[in-house]
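Peer 1: Structure file data.txt (compact mmCIF, C-alpha atoms) right here:
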# COMPACT_ATOMS: atom_id res chain seq x y z
CA MET A 21 -92.68 -215.98 -121.52
CA ARG A 22 -89.37 -214.62 -120.23
CA ARG A 23 -87.43 -217.15 -122.29
CA ALA A 24 -89.38 -216.26 -125.42
CA ALA A 25 -88.69 -212.57 -124.86
CA LEU A 26 -84.97 -213.22 -124.43
CA LEU A 27 -84.95 -215.30 -127.59
CA ALA A 28 -86.70 -212.54 -129.54
CA ALA A 29 -84.22 -209.98 -128.24
CA ALA A 30 -81.30 -212.17 -129.23
CA LEU A 31 -82.72 -212.65 -132.69
CA GLY A 32 -83.19 -208.90 -133.00
CA LEU A 33 -79.56 -208.30 -132.05
CA LEU A 34 -78.40 -210.89 -134.55
CA ALA A 35 -80.52 -209.33 -137.28
CA GLY A 36 -79.13 -205.89 -136.45
CA ALA A 37 -75.60 -207.25 -136.55
CA ALA A 38 -76.28 -208.92 -139.90
CA ARG A 39 -77.58 -205.66 -141.31
CA ALA A 40 -74.46 -203.87 -140.05
CA GLN A 41 -72.30 -206.25 -142.04
CA THR A 42 -73.51 -205.05 -145.44
CA PRO A 43 -70.76 -203.46 -147.59
CA ALA A 44 -72.39 -200.02 -147.52
CA ASP A 45 -72.62 -200.14 -143.73
CA LEU A 46 -69.00 -201.21 -143.51
CA VAL A 47 -67.97 -198.21 -145.61
CA GLY A 48 -69.89 -195.97 -143.23
CA ARG A 49 -68.17 -197.54 -140.23
CA GLY A 50 -64.77 -197.11 -141.87
CA VAL A 51 -65.44 -193.42 -142.57
CA ARG A 52 -66.49 -192.84 -138.97
CA SER A 53 -63.32 -194.58 -137.76
CA TYR A 54 -61.23 -192.29 -139.98
CA GLN A 55 -63.04 -189.24 -138.65
CA ASN A 56 -62.30 -190.47 -135.11
CA LEU A 57 -58.59 -190.72 -136.08
CA GLU A 58 -58.72 -194.52 -135.74
CA TYR A 59 -56.78 -195.12 -138.95
CA ASP A 60 -55.89 -198.78 -138.37
CA SER A 61 -59.51 -199.64 -137.62
CA ALA A 62 -60.67 -197.56 -140.61
CA ALA A 63 -58.27 -199.31 -142.96
CA ALA A 64 -59.32 -202.76 -141.73
CA VAL A 65 -63.07 -202.11 -142.03
CA LEU A 66 -62.76 -200.39 -145.43
CA THR A 67 -60.58 -203.19 -146.80
CA ARG A 68 -63.25 -205.66 -145.71
CA ALA A 69 -65.99 -203.63 -147.36
CA LEU A 70 -64.07 -203.31 -150.62
CA SER A 71 -63.39 -207.06 -150.75
CA TRP A 72 -67.04 -207.72 -151.60
CA PRO A 73 -67.94 -208.42 -155.26
CA PRO A 74 -68.49 -205.30 -157.39
CA SER A 75 -72.22 -205.94 -157.64
CA ALA A 76 -72.58 -205.82 -153.83
CA LEU A 77 -71.47 -202.21 -153.54
CA ALA A 78 -72.53 -199.17 -155.56
CA ASP A 79 -69.74 -197.46 -157.51
CA SER A 80 -70.20 -194.25 -155.53
CA ASP A 81 -69.79 -196.12 -152.22
CA ARG A 82 -66.79 -198.03 -153.57
CA VAL A 83 -65.07 -194.80 -154.68
CA ARG A 84 -65.80 -193.22 -151.30
CA GLY A 85 -64.36 -196.24 -149.52
CA LEU A 86 -61.20 -196.20 -151.65
CA VAL A 87 -60.59 -192.50 -151.01
CA TYR A 88 -60.94 -192.91 -147.24
CA LEU A 89 -58.80 -196.06 -147.38
CA GLY A 90 -56.09 -194.10 -149.19
CA ALA A 91 -56.30 -191.30 -146.64
CA SER A 92 -56.07 -193.81 -143.78
CA ASP A 93 -53.08 -195.55 -145.35
CA LEU A 94 -51.26 -192.25 -145.84
CA TYR A 95 -51.61 -191.49 -142.15
CA ARG A 96 -50.34 -195.01 -141.44
CA ASP A 97 -47.16 -194.17 -143.40
CA ARG A 98 -48.16 -196.39 -146.30
CA ARG A 99 -47.82 -193.91 -149.12
CA ASP A 100 -47.67 -196.49 -151.92
CA SER A 101 -50.83 -198.20 -150.67
CA ALA A 102 -52.55 -194.82 -150.41
CA ALA A 103 -51.56 -193.94 -153.99
CA ALA A 104 -52.80 -197.33 -155.20
CA ALA A 105 -56.18 -196.78 -153.52
CA PHE A 106 -56.50 -193.31 -155.07
CA ALA A 107 -55.61 -194.73 -158.51
CA ARG A 108 -58.30 -197.43 -158.14
CA ALA A 109 -60.83 -194.74 -157.24
CA LEU A 110 -59.92 -192.65 -160.30
CA ARG A 111 -60.06 -195.62 -162.67
CA LEU A 112 -63.50 -196.44 -161.30
CA ASP A 113 -64.71 -192.84 -161.61
CA PRO A 114 -62.39 -190.58 -163.67
CA ARG A 115 -64.71 -187.63 -162.96
CA TYR A 116 -64.17 -187.81 -159.21
CA HIS A 117 -62.56 -184.80 -157.52
CA ILE A 118 -61.50 -184.95 -153.91
CA ASP A 119 -63.14 -182.45 -151.56
CA GLN A 120 -60.51 -180.01 -150.33
CA LEU A 121 -62.84 -178.89 -147.54
CA VAL A 122 -62.97 -182.41 -146.10
CA PHE A 123 -59.39 -183.62 -146.57
CA PRO A 124 -56.22 -181.77 -145.58
CA PRO A 125 -53.56 -180.66 -148.09
CA GLU A 126 -51.36 -183.73 -147.65
CA ILE A 127 -54.24 -185.96 -148.72
CA THR A 128 -55.48 -183.76 -151.59
CA GLY A 129 -51.90 -183.19 -152.77
CA LEU A 130 -51.19 -186.90 -153.10
CA PHE A 131 -54.56 -187.44 -154.78
CA GLN A 132 -53.75 -184.78 -157.39
CA GLN A 133 -50.33 -186.32 -158.02
CA VAL A 134 -51.98 -189.69 -158.63
CA ARG A 135 -54.51 -188.05 -160.97
CA LEU A 136 -51.72 -186.65 -163.15
CA VAL A 137 -50.26 -190.11 -163.80
CA THR A 138 -53.52 -192.07 -164.01
CA ARG A 139 -54.87 -192.23 -167.55
CA ALA A 140 -58.57 -192.99 -167.60
CA VAL A 141 -61.68 -191.69 -169.32
CA ALA A 142 -65.33 -191.76 -168.29
CA VAL A 143 -67.69 -192.20 -171.24
CA VAL A 144 -71.20 -190.76 -170.98
CA VAL A 145 -73.80 -191.33 -173.72
CA PRO A 146 -77.60 -191.07 -173.73
CA PRO A 147 -79.40 -194.40 -173.25
CA SER A 148 -81.28 -194.07 -176.53
CA VAL A 149 -81.28 -191.76 -179.55
CA GLU A 150 -82.96 -191.76 -182.96
CA LEU A 151 -81.06 -190.32 -185.89
CA ARG A 152 -83.64 -188.95 -188.33
CA GLY A 153 -81.61 -186.97 -190.81
CA ALA A 154 -78.61 -184.81 -191.54
CA GLY A 155 -77.23 -183.14 -188.43
CA ASP A 156 -78.47 -185.80 -186.01
CA ALA A 157 -75.76 -187.68 -184.11
CA LEU A 158 -75.04 -189.72 -181.00
CA PRO A 159 -73.15 -187.43 -178.55
CA ILE A 160 -70.27 -189.12 -176.76
CA ALA A 161 -68.96 -187.16 -173.76
CA LEU A 162 -65.46 -188.00 -172.56
CA TYR A 163 -64.18 -186.96 -169.12
CA ALA A 164 -60.47 -187.58 -168.51
CA THR A 165 -58.44 -187.77 -165.31
CA THR A 166 -55.54 -186.01 -167.04
CA PHE A 167 -54.53 -185.04 -170.54
CA HIS A 168 -53.65 -188.10 -172.63
CA PRO A 169 -54.32 -189.54 -176.13
CA VAL A 170 -57.42 -191.62 -176.79
CA ASP A 171 -58.88 -193.57 -179.70
CA VAL A 172 -62.64 -193.51 -180.17
CA ALA A 173 -64.15 -196.00 -182.65
CA VAL A 174 -67.27 -197.97 -183.42
CA LEU A 175 -66.59 -201.66 -183.93
CA LYS A 176 -68.58 -204.17 -185.96
CA PRO A 177 -70.05 -207.30 -184.36
CA ASP A 178 -66.96 -209.26 -185.44
CA GLY A 179 -64.65 -206.76 -183.74
CA SER A 180 -63.39 -205.08 -186.90
CA ASN A 181 -63.48 -201.30 -187.26
CA LEU A 182 -66.69 -199.79 -188.60
CA ARG A 183 -65.56 -196.19 -188.21
CA THR A 184 -62.91 -194.26 -186.30
CA LEU A 185 -64.52 -191.23 -184.69
CA TYR A 186 -61.55 -189.54 -183.01
CA GLN A 187 -57.85 -189.98 -182.42
CA GLY A 188 -56.08 -187.36 -180.34
CA GLY A 189 -55.70 -185.85 -176.92
CA VAL A 190 -58.42 -185.25 -174.37
CA GLY A 191 -58.02 -182.99 -171.37
CA ASP A 192 -60.75 -182.28 -168.86
CA SER A 193 -63.59 -183.14 -171.24
CA LEU A 194 -64.43 -183.61 -174.91
CA VAL A 195 -67.59 -184.39 -176.88
CA VAL A 196 -67.35 -186.64 -179.94
CA HIS A 197 -70.29 -187.27 -182.28
CA TRP A 198 -71.28 -190.29 -184.34
CA ASP A 199 -73.77 -189.65 -187.15
CA GLY A 200 -74.64 -193.33 -187.42
CA ARG A 201 -72.64 -193.90 -190.60
CA ALA A 202 -69.84 -196.26 -191.50
CA ALA A 203 -66.51 -195.08 -192.89
CA ASP A 204 -67.92 -195.11 -196.44
CA GLY A 205 -70.92 -192.97 -195.42
CA SER A 206 -73.50 -195.77 -195.56
CA PRO A 207 -75.80 -196.62 -192.63
CA PRO A 208 -74.89 -199.89 -190.90
CA ASP A 209 -77.15 -202.92 -190.82
CA SER A 210 -79.23 -203.57 -187.75
CA GLY A 211 -77.30 -205.42 -185.07
CA GLY A 212 -74.98 -205.17 -182.11
CA TYR A 213 -71.96 -202.86 -182.27
CA VAL A 214 -69.43 -201.60 -179.74
CA LEU A 215 -68.34 -198.06 -178.93
CA GLN A 216 -64.73 -198.37 -177.81
CA VAL A 217 -62.65 -195.68 -176.10
CA ALA A 218 -59.00 -196.62 -175.54
CA SER A 219 -56.65 -194.58 -173.35
CA ARG A 220 -52.97 -194.69 -174.31
CA GLY A 221 -49.94 -194.36 -172.08
CA ALA A 222 -46.81 -192.31 -172.66
CA ASP A 223 -45.32 -195.17 -174.67
CA GLY A 224 -48.39 -195.34 -176.96
CA ARG A 225 -49.70 -198.60 -175.58
CA VAL A 226 -53.35 -198.99 -174.59
CA VAL A 227 -53.61 -198.82 -170.80
CA ARG A 228 -57.38 -198.79 -170.36
CA THR A 229 -60.37 -199.53 -172.58
CA VAL A 230 -64.02 -198.62 -172.10
CA ALA A 231 -66.46 -200.60 -174.27
CA LEU A 232 -70.16 -199.73 -174.53
CA PRO A 233 -72.51 -202.06 -176.39
CA LEU A 234 -74.63 -200.34 -179.05
CA ASP A 235 -77.87 -201.83 -180.32
CA VAL A 236 -78.42 -200.29 -183.77
CA ALA A 237 -81.75 -200.76 -185.55
CA ARG A 238 -82.80 -199.44 -188.93
CA VAL A 239 -86.21 -197.78 -188.79
CA ARG A 240 -88.21 -196.97 -191.91
CA ARG A 241 -90.96 -194.38 -191.75
CA ASP A 242 -94.56 -195.39 -192.33
CA THR A 243 -95.94 -194.47 -195.74
CA LEU A 244 -98.91 -192.14 -196.16
CA PRO A 245 -102.30 -193.69 -197.01
CA TRP A 246 -103.50 -193.39 -200.57
CA PRO A 247 -106.10 -190.62 -200.99
CA ALA A 248 -109.69 -191.77 -201.22
CA PRO A 249 -111.20 -191.55 -204.72
CA VAL A 250 -113.62 -188.77 -205.52
CA ALA A 251 -117.00 -189.72 -204.08
CA ASP A 252 -119.80 -190.25 -206.59
CA SER A 253 -121.94 -187.86 -204.58
CA LEU A 254 -119.56 -185.03 -205.49
CA LEU A 255 -119.73 -185.66 -209.24
CA LEU A 256 -122.30 -183.71 -211.26
CA PRO A 257 -124.35 -185.32 -214.06
CA GLU A 258 -122.55 -184.76 -217.35
CA GLN A 259 -125.54 -185.40 -219.68
CA ALA A 260 -129.10 -184.12 -219.80
CA PRO A 261 -131.81 -186.63 -220.81
CA GLY A 262 -133.04 -186.32 -224.46
CA ARG A 263 -136.48 -184.93 -225.37
CA SER A 264 -139.20 -187.08 -227.00
CA GLY A 265 -138.50 -185.66 -230.48
CA MET A 266 -142.17 -185.70 -231.45
CA ARG A 267 -142.21 -181.95 -231.90
CA ALA A 268 -139.48 -182.03 -234.56
CA LEU A 269 -141.03 -185.06 -236.22
CA GLY A 270 -144.53 -183.50 -236.26
CA ALA A 271 -143.28 -180.23 -237.71
CA GLY A 272 -141.40 -182.06 -240.44
CA PHE A 273 -144.31 -184.22 -241.47
CA ALA A 274 -146.61 -181.20 -241.51
CA THR A 275 -144.25 -179.47 -243.91
CA VAL A 276 -144.05 -182.55 -246.14
CA LEU A 277 -147.84 -182.77 -246.23
CA ALA A 278 -148.16 -179.12 -247.14
CA ILE A 279 -145.72 -179.48 -250.04
CA ALA A 280 -147.47 -182.55 -251.34
CA VAL A 281 -150.99 -181.09 -251.11
CA LEU A 282 -150.16 -177.55 -252.26
CA PRO A 283 -148.08 -178.09 -255.42
CA SER A 284 -148.67 -174.54 -256.52
CA LEU A 285 -146.57 -173.28 -253.64
CA VAL A 286 -143.55 -175.11 -255.05
CA ALA A 287 -144.00 -175.07 -258.80
CA GLY A 288 -146.71 -174.28 -261.39
CA SER A 289 -145.57 -176.65 -264.11
CA ALA A 290 -145.68 -180.43 -264.43
CA SER A 291 -141.94 -180.66 -263.86
CA GLY A 292 -142.40 -178.90 -260.57
CA SER A 293 -144.52 -181.76 -259.32
CA ALA A 294 -141.51 -184.05 -259.30
CA ASN A 295 -139.42 -181.38 -257.60
CA ARG A 296 -141.91 -180.93 -254.82
CA PHE A 297 -141.77 -184.62 -253.96
CA ILE A 298 -137.95 -184.44 -253.85
CA VAL A 299 -138.14 -181.47 -251.49
CA ALA A 300 -140.78 -183.19 -249.40
CA GLY A 301 -138.62 -186.31 -249.15
CA GLY A 302 -135.63 -184.27 -248.01
CA ILE A 303 -137.67 -182.50 -245.39
CA GLY A 304 -139.05 -185.81 -244.18
CA ILE A 305 -135.57 -187.26 -243.79
CA ALA A 306 -134.52 -184.14 -241.92
CA ALA A 307 -137.51 -184.53 -239.63
CA ILE A 308 -136.58 -188.11 -238.86
CA LEU A 309 -132.98 -187.13 -238.14
CA GLY A 310 -134.19 -184.29 -235.92
CA PHE A 311 -136.42 -186.77 -234.09
CA ARG A 312 -133.48 -189.06 -233.40
CA GLY A 313 -131.20 -186.18 -232.43
CA GLU A 314 -133.58 -184.79 -229.87
CA ARG A 315 -133.91 -188.22 -228.20
CA ARG A 316 -130.12 -188.52 -227.58
CA PRO A 317 -128.76 -187.40 -224.09
CA GLN A 318 -127.21 -183.92 -224.30
CA PRO A 319 -123.76 -183.17 -222.70
CA ILE A 320 -123.61 -180.50 -219.97
CA ALA A 321 -120.34 -178.63 -220.57
CA ALA A 322 -120.24 -176.87 -217.16
CA ASN A 323 -120.70 -180.11 -215.24
CA ILE A 324 -118.07 -181.88 -217.32
CA ALA A 325 -115.57 -179.13 -216.52
CA ALA A 326 -116.40 -179.25 -212.78
CA ASN A 327 -115.96 -183.03 -212.63
CA ARG A 328 -112.67 -182.82 -214.50
CA ALA A 329 -111.42 -180.25 -211.97
CA LEU A 330 -112.25 -182.64 -209.10
CA GLN A 331 -110.46 -185.53 -210.82
CA ASP A 332 -107.42 -183.35 -211.55
CA ALA A 333 -107.24 -182.25 -207.90
CA TRP A 334 -107.36 -185.90 -206.76
CA GLN A 335 -104.62 -186.82 -209.22
CA ARG A 336 -102.38 -184.02 -207.92
CA GLN A 337 -102.93 -185.23 -204.35
CA ALA A 338 -102.18 -188.82 -205.36
CA ASP A 339 -98.98 -187.73 -207.11
CA SER A 340 -97.89 -185.84 -204.00
CA VAL A 341 -98.54 -188.85 -201.73
CA HIS A 342 -96.65 -191.08 -204.13
CA ALA A 343 -93.63 -188.77 -204.10
CA VAL A 344 -93.62 -188.61 -200.29
CA ASN A 345 -93.91 -192.39 -199.97
CA VAL A 346 -91.04 -192.95 -202.40
CA ALA A 347 -88.87 -190.59 -200.34
CA ARG A 348 -89.86 -192.30 -197.08
CA THR A 349 -89.08 -195.77 -198.36
CA ARG A 350 -85.62 -194.56 -199.35
CA GLU A 351 -85.02 -192.75 -196.06
CA VAL A 352 -83.29 -194.81 -193.36
CA ARG A 353 -83.47 -193.78 -189.72
CA LEU A 354 -81.35 -195.32 -187.01
CA ARG A 355 -82.38 -196.03 -183.43
CA ILE A 356 -79.35 -196.52 -181.17
CA ARG A 357 -79.60 -197.94 -177.66
CA THR A 358 -76.54 -198.06 -175.41
CA GLY A 359 -75.68 -200.55 -172.71
CA ALA A 360 -73.58 -200.51 -169.55
CA PRO A 361 -69.86 -199.80 -170.04
CA GLN A 362 -67.27 -202.51 -169.53
CA VAL A 363 -63.79 -201.44 -168.46
CA THR A 364 -60.63 -203.37 -169.27
CA GLU A 365 -57.30 -202.39 -167.74
CA GLY A 366 -54.23 -202.80 -169.94
CA SER A 367 -54.00 -203.67 -173.63
Can the structure in the file be given as structure tokens, please?
Peer 2:
Amino acid sequence: MRRAALLAAALGLLAGAARAQTPADLVGRGVRSYQNLEYDSAAAVLTRALSWPPSALADSDRVRGLVYLGASDLYRDRRDSAAAAFARALRLDPRYHIDQLVFPPEITGLFQQVRLVTRAVAVVVPPSVELRGAGDALPIALYATTFHPVDVAVLKPDGSNLRTLYQGGVGDSLVVHWDGRAADGSPPDSGGYVLQVASRGADGRVVRTVALPLDVARVRRDTLPWPAPVADSLLLPEQAPGRSGMRALGAGFATVLAIAVLPSLVAGSASGSANRFIVAGGIGIAAILGFRGERRPQPIAANIAANRALQDAWQRQADSVHAVNVARTREVRLRIRTGAPQVTEGS
């Protein structure tokens, strides 16, 4: 049992030692050594921590380690090494400002001198934006270590220039906008592009480049559904059913019979007899026509007008939907997603 306990304790110590060897823990140890005025020990531990691959240490911890390494080297009379460490920290995070409440003037003074000669820009963009119309743009925030000229451009997938967004100086900060258009004003095709920000030295050469991948996708708006036709239940009957027509036919035949039987009512002479049969025939034909007319369906003017108003309202709605859909099919929106920046030192 005692041997097992000793073995467990030894394993625990080894595990604790292994955990203490992580890059972040090494940075913490180096900072504590600096605070204890153990500058040689601090420099050794911080150099070990910073030798790990970039993915093993967060940028904030790496910058912190570089600043304390520079401070330790300055107190070890290694001014050039201290300046080099400060320059590495600024190129990694151009927005970093040394804390004057933590470090004495000799440290902050050298750091500020290095800042003035280190040309670097931090590029901050939102992870995703959608450009829906005029006035919408991708904001590109630039934060510089010191005033210097920069070139900001969007590059095509083949590396050629899609559009130059800005060429000029940038001091503490600057915001540049891209409206999602090429140099000729047209929206680009869907695909991968690159936002490139190049810092130039005093001689005009590129000394540092930040490249952010842009995933650009064209997005078309959905069209509106076609309006439903007017329901039959809303339409009013436009014709009334015809009557039997027997009333008109009966009245006509009664008149014909009266003319034929009572010739004296039409004419008193022999020639009037022929006339009465002509009149009787005409009345009979009129009775037949009246019979047929009464049997036909009769239009209802009010209902016809009401139905036409419903159809006209539907047509106006359909025309409006058609116009909106035509506009939406012509409208092109852009969805832009940005990736992690890649930094290249030198031209």
Peer 1: Extract, using all atoms listed in the file, all DNA, RNA and protein residues at most 9 Å from segment 154-165 of chain A, discarding same-chain residues fewer than 4 positions from it, and format them as a VMD selection string.
Peer 2: chain A and resid 110 to 111 113 to 116 135 to 146 148 to 150 190 to 200 217 356
Peer 1: Do you have the atom CA of Arg183 of chain A-atom CA of Ala218 of chain A distance handy?
Peer 2: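 Calculated distance between atom CA of Arg183 of chain A and atom CA of Ala218 of chain A is 14.3 Å.
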Peer 1: Could you jot down the atom CA of Gln216 of chain A to atom CA of Ala104 of chain A separation for me, Å, one decimal place?
Peer 2: 25.6 Å
Peer 1: Give me, please, the distance in Å between atom CA of Ala69 of chain A and atom CA of Gly48 of chain A, quoted to one decimal.
Peer 2: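 Pair atom CA of Ala69 of chain A / atom CA of Gly48 of chain A returns 9.5 Å.
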Peer 1: Which residue gives the smallest distance to Val172 of chain A among A:Ala231, A:Ala203, A:Leu70, A:Ile127, with all atoms listed in the file counted?
Peer 2: A:Ala231
Peer 1: Please return as a JSON list (two decimals) with C-alpha atoms, in the coordinates of the input every residue within 12 Å of (-115.9, -183.2, -214.6), taking into account only C-alpha atoms and the file's own coordinates.
Peer 2:
[["chain", "number", "residue", "atom", "x", "y", "z"],
["A", 250, "VAL", "CA", -113.62, -188.77, -205.52],
["A", 252, "ASP", "CA", -119.80, -190.25, -206.59],
["A", 254, "LEU", "CA", -119.56, -185.03, -205.49],
["A", 255, "LEU", "CA", -119.73, -185.66, -209.24],
["A", 256, "LEU", "CA", -122.30, -183.71, -211.26],
["A", 257, "PRO", "CA", -124.35, -185.32, -214.06],
["A", 258, "GLU", "CA", -122.55, -184.76, -217.35],
["A", 259, "GLN", "CA", -125.54, -185.40, -219.68],
["A", 319, "PRO", "CA", -123.76, -183.17, -222.70],
["A", 320, "ILE", "CA", -123.61, -180.50, -219.97],
["A", 321, "ALA", "CA", -120.34, -178.63, -220.57],
["A", 322, "ALA", "CA", -120.24, -176.87, -217.16],
["A", 323, "ASN", "CA", -120.70, -180.11, -215.24],
["A", 324, "ILE", "CA", -118.07, -181.88, -217.32],
["A", 325, "ALA", "CA", -115.57, -179.13, -216.52],
["A", 326, "ALA", "CA", -116.40, -179.25, -212.78],
["A", 327, "ASN", "CA", -115.96, -183.03, -212.63],
["A", 328, "ARG", "CA", -112.67, -182.82, -214.50],
["A", 329, "ALA", "CA", -111.42, -180.25, -211.97],
["A", 330, "LEU", "CA", -112.25, -182.64, -209.10],
["A", 331, "GLN", "CA", -110.46, -185.53, -210.82],
["A", 332, "ASP", "CA", -107.42, -183.35, -211.55],
["A", 333, "ALA", "CA", -107.24, -182.25, -207.90],
["A", 334, "TRP", "CA", -107.36, -185.90, -206.76]]
Peer 1: Give me the residues within 10 Å of Ile118 of chain A as number ranges by chain, counting only C-alpha atoms and dropping any in the same chain fewer than 2 places off.
Peer 2: A: 84, 87, 106, 115-116, 120-123, 127-129, 131-132
Peer 1: Write out, as a PDB file, in the coordinates of the input, the residues just selected, with C-alpha atoms.
Peer 2:
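The result, written out as selection_24.pdb:
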ATOM      1  CA  ARG A  84     -65.800-193.220-151.300  1.00  0.00           C
ATOM      2  CA  VAL A  87     -60.590-192.500-151.010  1.00  0.00           C
ATOM      3  CA  PHE A 106     -56.500-193.310-155.070  1.00  0.00           C
ATOM      4  CA  ARG A 115     -64.710-187.630-162.960  1.00  0.00           C
ATOM      5  CA  TYR A 116     -64.170-187.810-159.210  1.00  0.00           C
ATOM      6  CA  GLN A 120     -60.510-180.010-150.330  1.00  0.00           C
ATOM      7  CA  LEU A 121     -62.840-178.890-147.540  1.00  0.00           C
ATOM      8  CA  VAL A 122     -62.970-182.410-146.100  1.00  0.00           C
ATOM      9  CA  PHE A 123     -59.390-183.620-146.570  1.00  0.00           C
ATOM     10  CA  ILE A 127     -54.240-185.960-148.720  1.00  0.00           C
ATOM     11  CA  THR A 128     -55.480-183.760-151.590  1.00  0.00           C
ATOM     12  CA  GLY A 129     -51.900-183.190-152.770  1.00  0.00           C
ATOM     13  CA  PHE A 131     -54.560-187.440-154.780  1.00  0.00           C
ATOM     14  CA  GLN A 132     -53.750-184.780-157.390  1.00  0.00           C
TER      15      GLN A 132
END
Peer 1: Would you please work out which residue, of A:Ser219, A:Ser340, A:Gln335, A:Ser71, is nearest to Leu46 of chain A when using only C-alpha atoms?
Peer 2: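 For Leu46 of chain A, the nearest of the candidates is A:Ser71.
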